$ cat model_13.pdb   # PDB, C-alpha atoms
ATOM      1  CA  LYS O   1     -15.247  -2.364   9.235
ATOM      2  CA  GLN O   2     -14.405  -1.010  12.663
ATOM      3  CA  TRP O   3     -16.601  -3.535  14.460
ATOM      4  CA  TYR O   4     -14.852  -6.389  12.626
ATOM      5  CA  GLN O   5     -11.413  -5.059  13.521
ATOM      6  CA  ARG O   6     -12.496  -4.627  17.131
ATOM      7  CA  ARG O   7     -13.890  -8.158  17.195
ATOM      8  CA  VAL O   8     -10.651  -9.644  15.841
ATOM      9  CA  ARG O   9      -8.583  -7.578  18.294
ATOM     10  CA  GLU O  10     -10.689  -8.693  21.272
ATOM     11  CA  PHE O  11     -10.665 -12.327  20.154
ATOM     12  CA  THR O  12      -6.861 -12.417  19.820
ATOM     13  CA  SER O  13      -6.013 -10.222  22.844
ATOM     14  CA  SER O  14      -4.762 -13.160  24.936
ATOM     15  CA  PHE O  15      -2.851 -14.876  22.082
ATOM     16  CA  ASP O  16       0.922 -14.900  21.684
ATOM     17  CA  PRO O  17       2.389 -13.111  18.575
ATOM     18  CA  ALA O  18       2.599 -16.296  16.486
ATOM     19  CA  LEU O  19      -1.000 -17.266  17.192
ATOM     20  CA  LYS O  20      -2.189 -13.697  16.573
ATOM     21  CA  GLY O  21      -0.488 -13.738  13.178
ATOM     22  CA  MET O  22      -2.080 -17.071  12.323
ATOM     23  CA  SER O  23      -5.494 -15.770  13.376
ATOM     24  CA  LEU O  24      -5.121 -12.677  11.166
ATOM     25  CA  THR O  25      -4.035 -14.861   8.244
ATOM     26  CA  ASN O  26      -7.153 -16.998   8.631
ATOM     27  CA  ALA O  27      -9.625 -14.148   9.203
ATOM     28  CA  PRO O  28     -11.992 -14.484   6.189
ATOM     29  CA  ARG O  29     -12.856 -10.790   5.852
ATOM     30  CA  LEU O  30      -9.230  -9.622   6.106
ATOM     31  CA  ARG O  31      -8.124 -12.277   3.618
ATOM     32  CA  GLU O  32     -10.896 -11.274   1.201
ATOM     33  CA  VAL O  33      -9.905  -7.591   1.278
ATOM     34  CA  HIS O  34      -6.190  -8.403   1.019
ATOM     35  CA  ASN O  35      -6.667 -10.752  -1.946
ATOM     36  CA  SER O  36      -8.889  -8.246  -3.738
ATOM     37  CA  PHE O  37      -5.825  -6.039  -4.228
ATOM     38  CA  ALA O  38      -3.635  -8.880  -5.518
ATOM     39  CA  ARG O  39      -2.183  -8.660  -9.021
ATOM     40  CA  GLN O  40      -4.449 -10.381 -11.560
ATOM     41  CA  ASN O  41      -2.786 -13.251 -13.456
ATOM     42  CA  MET O  42      -3.990 -15.467 -16.285
ATOM     43  CA  PHE O  43      -1.801 -18.297 -15.029
ATOM     44  CA  GLU O  44      -1.075 -19.663 -11.592
ATOM     45  CA  PHE O  45       2.563 -20.239 -10.641
ATOM     46  CA  ASP O  46       3.937 -22.183  -7.710
ATOM     47  CA  SER O  47       5.380 -19.745  -5.202
ATOM     48  CA  LYS O  48       9.091 -20.117  -4.564
ATOM     49  CA  ILE O  49       9.802 -20.775  -0.919
ATOM     50  CA  PRO O  50      12.391 -18.187   0.189
ATOM     51  CA  GLU O  51      15.703 -19.607   1.263
ATOM     52  CA  LYS O  52      17.963 -18.313   4.008
ATOM     53  CA  ASP O  53      19.794 -15.744   1.864
ATOM     54  CA  ASP O  54      16.760 -14.597  -0.141
ATOM     55  CA  ASP O  55      15.174 -11.186   0.402
ATOM     56  CA  VAL O  56      11.811 -11.566   2.123
ATOM     57  CA  TYR O  57       9.543  -8.629   1.411
ATOM     58  CA  HIS O  58       7.216  -7.705   4.241
ATOM     59  CA  PHE O  59       6.021  -4.740   6.280
ATOM     60  CA  VAL O  60       7.963  -3.318   9.214
ATOM     61  CA  ALA O  61       6.259  -0.724  11.420
ATOM     62  CA  PHE O  62       7.631   1.903  13.798
ATOM     63  CA  VAL O  63       5.226   2.992  16.538
ATOM     64  CA  PRO O  64       5.457   5.346  19.544
ATOM     65  CA  PHE O  65       4.260   3.813  22.802
ATOM     66  CA  LYS O  66       4.518   5.219  26.312
ATOM     67  CA  GLY O  67       7.420   7.513  25.476
ATOM     68  CA  ARG O  68       9.467   4.958  23.558
ATOM     69  CA  VAL O  69       9.753   3.964  19.887
ATOM     70  CA  TYR O  70       9.282   0.321  18.950
ATOM     71  CA  GLU O  71       9.910  -1.501  15.700
ATOM     72  CA  LEU O  72       7.419  -4.231  14.856
ATOM     73  CA  ASP O  73       8.796  -6.850  12.485
ATOM     74  CA  GLY O  74       6.846 -10.039  11.886
ATOM     75  CA  LEU O  75      10.071 -11.931  11.205
ATOM     76  CA  LYS O  76      11.493 -11.048  14.636
ATOM     77  CA  SER O  77      10.596 -12.731  17.892
ATOM     78  CA  GLY O  78       9.267  -9.518  19.445
ATOM     79  CA  PRO O  79       9.241  -5.689  19.362
ATOM     80  CA  ILE O  80      12.590  -3.882  19.076
ATOM     81  CA  ASP O  81      13.022  -0.947  21.470
ATOM     82  CA  HIS O  82      14.781   1.983  19.754
ATOM     83  CA  GLY O  83      14.828   4.225  22.783
ATOM     84  CA  SER O  84      12.876   7.099  24.254
ATOM     85  CA  TYR O  85      11.649  10.366  22.741
ATOM     86  CA  THR O  86      10.318  13.641  24.093
ATOM     87  CA  ASP O  87       8.064  15.549  21.686
ATOM     88  CA  ASP O  88       8.892  14.211  18.228
ATOM     89  CA  TRP O  89       9.130  10.426  17.926
ATOM     90  CA  ILE O  90       9.881  10.753  14.189
ATOM     91  CA  SER O  91      13.300  12.184  15.138
ATOM     92  CA  VAL O  92      14.172   8.736  16.501
ATOM     93  CA  VAL O  93      12.914   6.872  13.426
ATOM     94  CA  ARG O  94      14.366   9.207  10.766
ATOM     95  CA  PRO O  95      18.061   8.251  11.179
ATOM     96  CA  LEU O  96      17.129   4.557  11.304
ATOM     97  CA  LEU O  97      15.301   4.830   7.998
ATOM     98  CA  GLN O  98      18.044   6.924   6.411
ATOM     99  CA  THR O  99      20.659   4.340   7.378
ATOM    100  CA  ARG O 100      18.642   1.494   5.913
ATOM    101  CA  ILE O 101      17.785   3.350   2.714
ATOM    102  CA  ALA O 102      21.477   4.275   2.282
ATOM    103  CA  LYS O 103      22.311   0.563   2.045
ATOM    104  CA  HIS O 104      20.418   0.394  -1.258
ATOM    105  CA  SER O 105      21.455   1.869  -4.580
ATOM    106  CA  ALA O 106      19.850   5.073  -5.835
ATOM    107  CA  THR O 107      17.797   3.110  -8.369
ATOM    108  CA  GLU O 108      16.492   0.565  -5.871
ATOM    109  CA  ILE O 109      12.688   0.382  -5.897
ATOM    110  CA  THR O 110      12.015  -2.824  -3.963
ATOM    111  CA  PHE O 111      10.853  -0.952  -0.868
ATOM    112  CA  ASN O 112       8.553   1.919  -0.048
ATOM    113  CA  LEU O 113       7.777   4.158   2.900
ATOM    114  CA  MET O 114       4.244   4.753   4.140
ATOM    115  CA  ALA O 115       2.731   6.672   7.035
ATOM    116  CA  VAL O 116      -0.315   5.456   8.932
ATOM    117  CA  VAL O 117      -2.293   8.530   9.956
ATOM    118  CA  GLY O 118      -5.666   9.348  11.428
ATOM    119  CA  ASP O 119      -8.807   9.781   9.341
ATOM    120  CA  LYS O 120      -8.625  13.362   8.051
ATOM    121  CA  LEU O 121     -12.322  13.463   7.155
ATOM    122  CA  MET O 122     -13.370  12.390  10.643
ATOM    123  CA  ASP O 123     -11.061  15.002  12.143
ATOM    124  CA  LEU O 124     -12.567  17.763   9.966
ATOM    125  CA  GLN O 125     -16.124  16.678  10.789
ATOM    126  CA  LYS O 126     -15.252  16.707  14.474
ATOM    127  CA  GLN O 127     -13.861  20.246  14.145
ATOM    128  CA  LEU O 128     -17.008  21.353  12.311
ATOM    129  CA  SER O 129     -19.340  19.918  14.950
ATOM    130  CA  GLY O 130     -17.651  22.062  17.600
ATOM    131  CA  LEU O 131     -18.174  25.360  15.762
ATOM    132  CA  ALA O 132     -21.130  27.716  15.618
ATOM    133  CA  GLU O 133     -22.718  28.277  12.200
ATOM    134  CA  ASP O 134     -21.594  31.896  12.103
ATOM    135  CA  ASP O 135     -17.989  31.027  12.883
ATOM    136  CA  MET O 136     -15.590  32.237  10.170
ATOM    137  CA  LYS O 137     -13.852  28.837  10.141
ATOM    138  CA  VAL O 138     -16.995  26.958   9.059
ATOM    139  CA  VAL O 139     -16.695  27.847   5.356
ATOM    140  CA  ASP O 140     -13.026  26.833   5.262
ATOM    141  CA  ILE O 141     -13.627  23.514   7.005
ATOM    142  CA  LYS O 142     -16.634  22.697   4.800
ATOM    143  CA  GLU O 143     -14.481  23.293   1.723
ATOM    144  CA  LYS O 144     -11.787  20.980   3.122
ATOM    145  CA  ILE O 145     -14.457  18.346   3.783
ATOM    146  CA  ARG O 146     -15.699  18.661   0.190
ATOM    147  CA  ILE O 147     -12.150  18.223  -1.139
ATOM    148  CA  GLU O 148     -11.607  15.188   1.077
ATOM    149  CA  GLU O 149     -14.899  13.604  -0.042
ATOM    150  CA  ASP O 150     -13.978  14.203  -3.702
ATOM    151  CA  LYS O 151     -10.624  12.512  -3.124
ATOM    152  CA  ARG O 152     -12.351   9.481  -1.614
ATOM    153  CA  ALA O 153     -14.766   9.255  -4.529
ATOM    154  CA  ASN O 154     -11.752   9.174  -6.874
ATOM    155  CA  TYR O 155     -10.022   6.582  -4.673
ATOM    156  CA  LYS O 156     -13.117   4.383  -4.922
ATOM    157  CA  ILE O 157     -13.037   4.524  -8.729
ATOM    158  CA  GLU O 158      -9.281   3.821  -8.753
ATOM    159  CA  ASN O 159      -9.756   0.795  -6.496
ATOM    160  CA  ILE O 160     -12.484  -0.592  -8.760
ATOM    161  CA  ARG O 161     -10.164  -0.249 -11.755
ATOM    162  CA  ARG O 162      -7.210  -1.670  -9.833
ATOM    163  CA  LYS O 163      -9.116  -4.756  -8.714
ATOM    164  CA  HIS O 164     -10.801  -5.436 -12.057
ATOM    165  CA  ASN O 165      -9.302  -8.272 -14.070
ATOM    166  CA  TYR O 166      -8.510  -6.825 -17.511
ATOM    167  CA  LEU O 167      -6.503  -9.858 -18.643
ATOM    168  CA  PRO O 168      -9.362 -11.723 -20.386
ATOM    169  CA  LEU O 169     -10.092  -8.546 -22.389
ATOM    170  CA  ILE O 170      -6.407  -8.132 -23.273
ATOM    171  CA  MET O 171      -6.097 -11.779 -24.360
ATOM    172  CA  GLU O 172      -9.229 -11.473 -26.519
ATOM    173  CA  MET O 173      -7.908  -8.286 -28.155
ATOM    174  CA  LEU O 174      -4.571  -9.971 -28.913
ATOM    175  CA  LYS O 175      -6.438 -12.936 -30.362
ATOM    176  CA  ILE O 176      -8.508 -10.694 -32.671
ATOM    177  CA  LEU O 177      -5.424  -8.742 -33.789
ATOM    178  CA  SER O 178      -3.656 -12.009 -34.556
ATOM    179  CA  GLU O 179      -6.592 -13.332 -36.577
ATOM    180  CA  LYS O 180      -6.626 -10.132 -38.632
ATOM    181  CA  GLY O 181      -2.862 -10.297 -39.234
ATOM    182  CA  MET O 182      -2.293  -7.050 -37.337
ATOM    183  CA  LEU O 183      -0.487  -8.359 -34.237
ATOM    184  CA  LEU O 184       2.974  -8.916 -35.733
ATOM    185  CA  PRO O 185       3.167  -5.519 -37.552
ATOM    186  CA  LEU O 186       2.026  -3.707 -34.385
ATOM    187  CA  THR O 187       4.574  -5.641 -32.319
ATOM    188  CA  LEU O 188       7.403  -4.744 -34.692
ATOM    189  CA  LYS O 189       6.293  -1.111 -34.749
ATOM    190  CA  ALA O 190       6.283  -1.009 -30.941
ATOM    191  CA  LYS O 191       9.796  -2.485 -30.834
ATOM    192  CA  GLU O 192      11.007   0.170 -33.286
ATOM    193  CA  LYS O 193       9.556   2.930 -31.083
ATOM    194  CA  ILE O 194      11.276   1.484 -28.005
ATOM    195  CA  ALA O 195      14.584   1.181 -29.869
ATOM    196  CA  ALA O 196      14.339   4.782 -31.083
ATOM    197  CA  LYS O 197      13.531   5.968 -27.583
ATOM    198  CA  ASP O 198      16.451   4.062 -26.035
ATOM    199  CA  ALA O 199      18.992   5.129 -28.677
ATOM    200  CA  PRO O 200      19.802   8.552 -27.090
ATOM    201  CA  LYS O 201      20.358   6.853 -23.731
ATOM    202  CA  LYS O 202      22.853   4.408 -25.253
ATOM    203  CA  ASP O 203      24.700   7.203 -27.033
ATOM    204  CA  SER O 204      25.016   9.239 -23.837
ATOM    205  CA  SER O 205      26.275   6.231 -21.866
ATOM    206  CA  MET O 206      28.940   5.509 -24.525
ATOM    207  CA  SER O 207      30.182   9.087 -24.517
TER     208      SER O 207
END
$ encode --input "model_13.pdb" --output "structure tokens"
Amino acid sequence: KQWYQRRVREFTSSFDPALKGMSLTNAPRLREVHNSFARQNMFEFDSKIPEKDDDVYHFVAFVPFKGRVYELDGLKSGPIDHGSYTDDWISVVRPLLQTRIAKHSATEITFNLMAVVGDKLMDLQKQLSGLAEDDMKVVDIKEKIRIEEDKRANYKIENIRRKHNYLPLIMEMLKILSEKGMLLPLTLKAKEKIAAKDAPKKDSSMS
């Protein structure tokens, strides 16, 4: 993985931002990994081309570089300089994020916030390699490594489940239920459960 990323970075080092973006879009390995996490659909729909006033969902990154904080937005012509920082660059980003989040309602869920951090497992292994076997910290670090490896094993299983296409199975199950005359009764029963669950909410909103 790292060699591929390094190869792409070296290949595009002399490109302008637009050409770099196009190169990343057309990188087969990156496209394969990206598409593997796409939502599975039984039907293909034509994508709506966003108009001027439409919301365009994309990633925006804030990065510290040489004592200044930059915002990287693929829809802008270049990096946005948000000023300098001393020890904590997050202190520059925090008010920017708070201002932007405040523009949305409390129930808004069309955005999320993620942090790109270093590899914790690699950091722990590096710490372990610098310690003597009789060091008191060895046991603690080995336990942290075990926990981190267990987490990654679970992540791997979750990714397999996330990327698997369950829709053919679901469609076949619905077909069988329909043939046995069970689909409509189950559908009505599910609607009744939803109605009963939503009833207290409606009563509280009316009062």
$ residues_near_point --input "model_13.pdb" --point "(-13.7, -9.5, 12.8)" --cutoff "12 Å" --atoms "all atoms listed in the file" --output "list of chain:residue names"
O:Lys1, O:Gln2, O:Trp3, O:Tyr4, O:Gln5, O:Arg6, O:Arg7, O:Val8, O:Arg9, O:Glu10, O:Phe11, O:Thr12, O:Ser23, O:Leu24, O:Thr25, O:Asn26, O:Ala27, O:Pro28, O:Arg29, O:Leu30, O:Arg31
$ write_last_selection --input "model_13.pdb" --atoms "C-alpha atoms" --output "PDB file, keeping the file's coordinate frame"
ATOM      1  CA  LYS O   1     -15.247  -2.364   9.235  1.00  0.00           C
ATOM      2  CA  GLN O   2     -14.405  -1.010  12.663  1.00  0.00           C
ATOM      3  CA  TRP O   3     -16.601  -3.535  14.460  1.00  0.00           C
ATOM      4  CA  TYR O   4     -14.852  -6.389  12.626  1.00  0.00           C
ATOM      5  CA  GLN O   5     -11.413  -5.059  13.521  1.00  0.00           C
ATOM      6  CA  ARG O   6     -12.496  -4.627  17.131  1.00  0.00           C
ATOM      7  CA  ARG O   7     -13.890  -8.158  17.195  1.00  0.00           C
ATOM      8  CA  VAL O   8     -10.651  -9.644  15.841  1.00  0.00           C
ATOM      9  CA  ARG O   9      -8.583  -7.578  18.294  1.00  0.00           C
ATOM     10  CA  GLU O  10     -10.689  -8.693  21.272  1.00  0.00           C
ATOM     11  CA  PHE O  11     -10.665 -12.327  20.154  1.00  0.00           C
ATOM     12  CA  THR O  12      -6.861 -12.417  19.820  1.00  0.00           C
ATOM     13  CA  SER O  23      -5.494 -15.770  13.376  1.00  0.00           C
ATOM     14  CA  LEU O  24      -5.121 -12.677  11.166  1.00  0.00           C
ATOM     15  CA  THR O  25      -4.035 -14.861   8.244  1.00  0.00           C
ATOM     16  CA  ASN O  26      -7.153 -16.998   8.631  1.00  0.00           C
ATOM     17  CA  ALA O  27      -9.625 -14.148   9.203  1.00  0.00           C
ATOM     18  CA  PRO O  28     -11.992 -14.484   6.189  1.00  0.00           C
ATOM     19  CA  ARG O  29     -12.856 -10.790   5.852  1.00  0.00           C
ATOM     20  CA  LEU O  30      -9.230  -9.622   6.106  1.00  0.00           C
ATOM     21  CA  ARG O  31      -8.124 -12.277   3.618  1.00  0.00           C
TER      22      ARG O  31
END
$ atom_distance --input "model_13.pdb" --atom1 "CA of Leu128 in chain O" --atom2 "CA of Asp140 in chain O"
9.8 Å
$ residues_around --input "model_13.pdb" --residues "Glu148 in chain O" --least-positions-apart "6" --cutoff "10 Å" --atoms "all atoms listed in the file" --output "count of residues only"
5
$ atom_distance --input "model_13.pdb" --atom1 "CA of Ala18 in chain O" --atom2 "CA of Pro64 in chain O"
22.0 Å
$ atom_distance --input "model_13.pdb" --atom1 "CA of Asp73 in chain O" --atom2 "CA of Ser91 in chain O"
19.7 Å
$ residues_around --input "model_13.pdb" --residues "Gly74 in chain O" --least-positions-apart "4" --cutoff "10 Å" --atoms "all atoms listed in the file" --output "list in words"
Pro17, Ala18, Gly21, His58, Phe59, Val60, Ala61, Gly78 and Pro79 of chain O
$ residues_around --input "model_13.pdb" --residues "Ile90 in chain O" --least-positions-apart "4" --cutoff "9 Å" --atoms "only C-alpha atoms" --output "ChimeraX atom specification"
/O:64,69,85,94
$ residues_near_point --input "model_13.pdb" --point "(7.5, 10.7, 26.4)" --cutoff "8 Å" --atoms "only C-alpha atoms" --output "PyMOL selection string"
chain O and resi 66-68+84-87
$ closest_residue --input "model_13.pdb" --among "O:Ile145, O:Ala199, O:Leu174, O:Met122" --to "Leu186 in chain O" --atoms "all atoms listed in the file"
O:Leu174
$ decode --input "model_13.pdb" --residues "range 99-139 of chain O" --atoms "N, CA and C atoms" --output "compact mmCIF listing (two decimals), in the first residue's frame"
# COMPACT_ATOMS: atom_id res chain seq x y z
N THR O 99 -17.90 27.48 14.13
CA THR O 99 -18.68 28.46 13.37
C THR O 99 -19.46 27.79 12.25
N ARG O 100 -18.81 26.87 11.56
CA ARG O 100 -19.46 26.20 10.44
C ARG O 100 -20.55 25.24 10.91
N ILE O 101 -20.27 24.52 12.00
CA ILE O 101 -21.27 23.60 12.53
C ILE O 101 -22.48 24.37 13.05
N ALA O 102 -22.25 25.56 13.62
CA ALA O 102 -23.34 26.38 14.17
C ALA O 102 -24.32 26.83 13.09
N LYS O 103 -23.89 26.83 11.84
CA LYS O 103 -24.77 27.24 10.74
C LYS O 103 -25.83 26.19 10.44
N HIS O 104 -25.61 24.96 10.93
CA HIS O 104 -26.56 23.88 10.69
C HIS O 104 -27.46 23.69 11.91
N SER O 105 -28.60 23.09 11.67
CA SER O 105 -29.53 22.82 12.78
C SER O 105 -28.97 21.68 13.64
N ALA O 106 -29.53 21.54 14.84
CA ALA O 106 -29.04 20.54 15.78
C ALA O 106 -29.24 19.12 15.28
N THR O 107 -30.21 18.94 14.36
CA THR O 107 -30.50 17.60 13.85
C THR O 107 -29.80 17.32 12.52
N GLU O 108 -28.98 18.23 12.07
CA GLU O 108 -28.30 18.07 10.78
C GLU O 108 -27.28 16.94 10.85
N ILE O 109 -27.34 16.02 9.91
CA ILE O 109 -26.40 14.90 9.91
C ILE O 109 -25.72 14.72 8.55
N THR O 110 -25.72 15.76 7.73
CA THR O 110 -25.14 15.64 6.40
C THR O 110 -23.66 15.99 6.37
N PHE O 111 -23.02 16.00 7.53
CA PHE O 111 -21.57 16.20 7.57
C PHE O 111 -21.01 15.41 8.75
N ASN O 112 -19.74 15.15 8.70
CA ASN O 112 -19.08 14.50 9.83
C ASN O 112 -17.68 15.05 9.99
N LEU O 113 -17.07 14.75 11.12
CA LEU O 113 -15.76 15.27 11.46
C LEU O 113 -14.83 14.11 11.75
N MET O 114 -13.71 14.05 11.04
CA MET O 114 -12.77 12.95 11.21
C MET O 114 -11.37 13.50 11.45
N ALA O 115 -10.56 12.73 12.15
CA ALA O 115 -9.18 13.11 12.40
C ALA O 115 -8.26 12.08 11.75
N VAL O 116 -7.29 12.56 11.00
CA VAL O 116 -6.29 11.69 10.39
C VAL O 116 -5.09 11.65 11.33
N VAL O 117 -4.81 10.49 11.87
CA VAL O 117 -3.75 10.35 12.88
C VAL O 117 -2.74 9.30 12.43
N GLY O 118 -1.64 9.25 13.15
CA GLY O 118 -0.61 8.27 12.85
C GLY O 118 -1.05 6.86 13.21
N ASP O 119 -0.32 5.87 12.72
CA ASP O 119 -0.62 4.47 12.98
C ASP O 119 -0.24 4.14 14.42
N LYS O 120 -1.25 3.90 15.27
CA LYS O 120 -1.01 3.64 16.68
C LYS O 120 -0.22 2.35 16.89
N LEU O 121 -0.51 1.33 16.09
CA LEU O 121 0.19 0.05 16.23
C LEU O 121 1.68 0.21 15.92
N MET O 122 1.99 0.93 14.86
CA MET O 122 3.39 1.16 14.50
C MET O 122 4.10 1.93 15.60
N ASP O 123 3.40 2.90 16.19
CA ASP O 123 4.00 3.70 17.26
C ASP O 123 4.30 2.82 18.48
N LEU O 124 3.37 1.93 18.84
CA LEU O 124 3.57 1.04 19.97
C LEU O 124 4.72 0.06 19.72
N GLN O 125 4.79 -0.47 18.50
CA GLN O 125 5.86 -1.40 18.15
C GLN O 125 7.22 -0.71 18.18
N LYS O 126 7.22 0.55 17.78
CA LYS O 126 8.46 1.33 17.83
C LYS O 126 8.90 1.55 19.27
N GLN O 127 7.92 1.85 20.14
CA GLN O 127 8.24 2.03 21.57
C GLN O 127 8.79 0.74 22.17
N LEU O 128 8.17 -0.39 21.79
CA LEU O 128 8.59 -1.69 22.33
C LEU O 128 10.01 -2.05 21.90
N SER O 129 10.34 -1.73 20.65
CA SER O 129 11.67 -2.09 20.13
C SER O 129 12.79 -1.33 20.85
N GLY O 130 12.44 -0.20 21.48
CA GLY O 130 13.45 0.60 22.16
C GLY O 130 13.59 0.28 23.64
N LEU O 131 12.88 -0.75 24.11
CA LEU O 131 12.92 -1.10 25.53
C LEU O 131 13.63 -2.43 25.75
N ALA O 132 14.24 -2.57 26.90
CA ALA O 132 14.84 -3.84 27.30
C ALA O 132 13.74 -4.78 27.78
N GLU O 133 13.98 -6.08 27.69
CA GLU O 133 12.95 -7.07 28.03
C GLU O 133 12.51 -6.98 29.49
N ASP O 134 13.41 -6.55 30.35
CA ASP O 134 13.07 -6.47 31.77
C ASP O 134 12.49 -5.12 32.17
N ASP O 135 12.25 -4.28 31.19
CA ASP O 135 11.66 -2.96 31.48
C ASP O 135 10.21 -3.15 31.91
N MET O 136 9.80 -2.42 32.94
CA MET O 136 8.44 -2.53 33.48
C MET O 136 7.37 -2.13 32.45
N LYS O 137 7.75 -1.31 31.47
CA LYS O 137 6.78 -0.82 30.49
C LYS O 137 6.44 -1.86 29.43
N VAL O 138 7.28 -2.91 29.30
CA VAL O 138 7.10 -3.89 28.24
C VAL O 138 5.74 -4.57 28.32
N VAL O 139 5.35 -5.02 29.50
CA VAL O 139 4.08 -5.72 29.67
C VAL O 139 2.91 -4.83 29.27
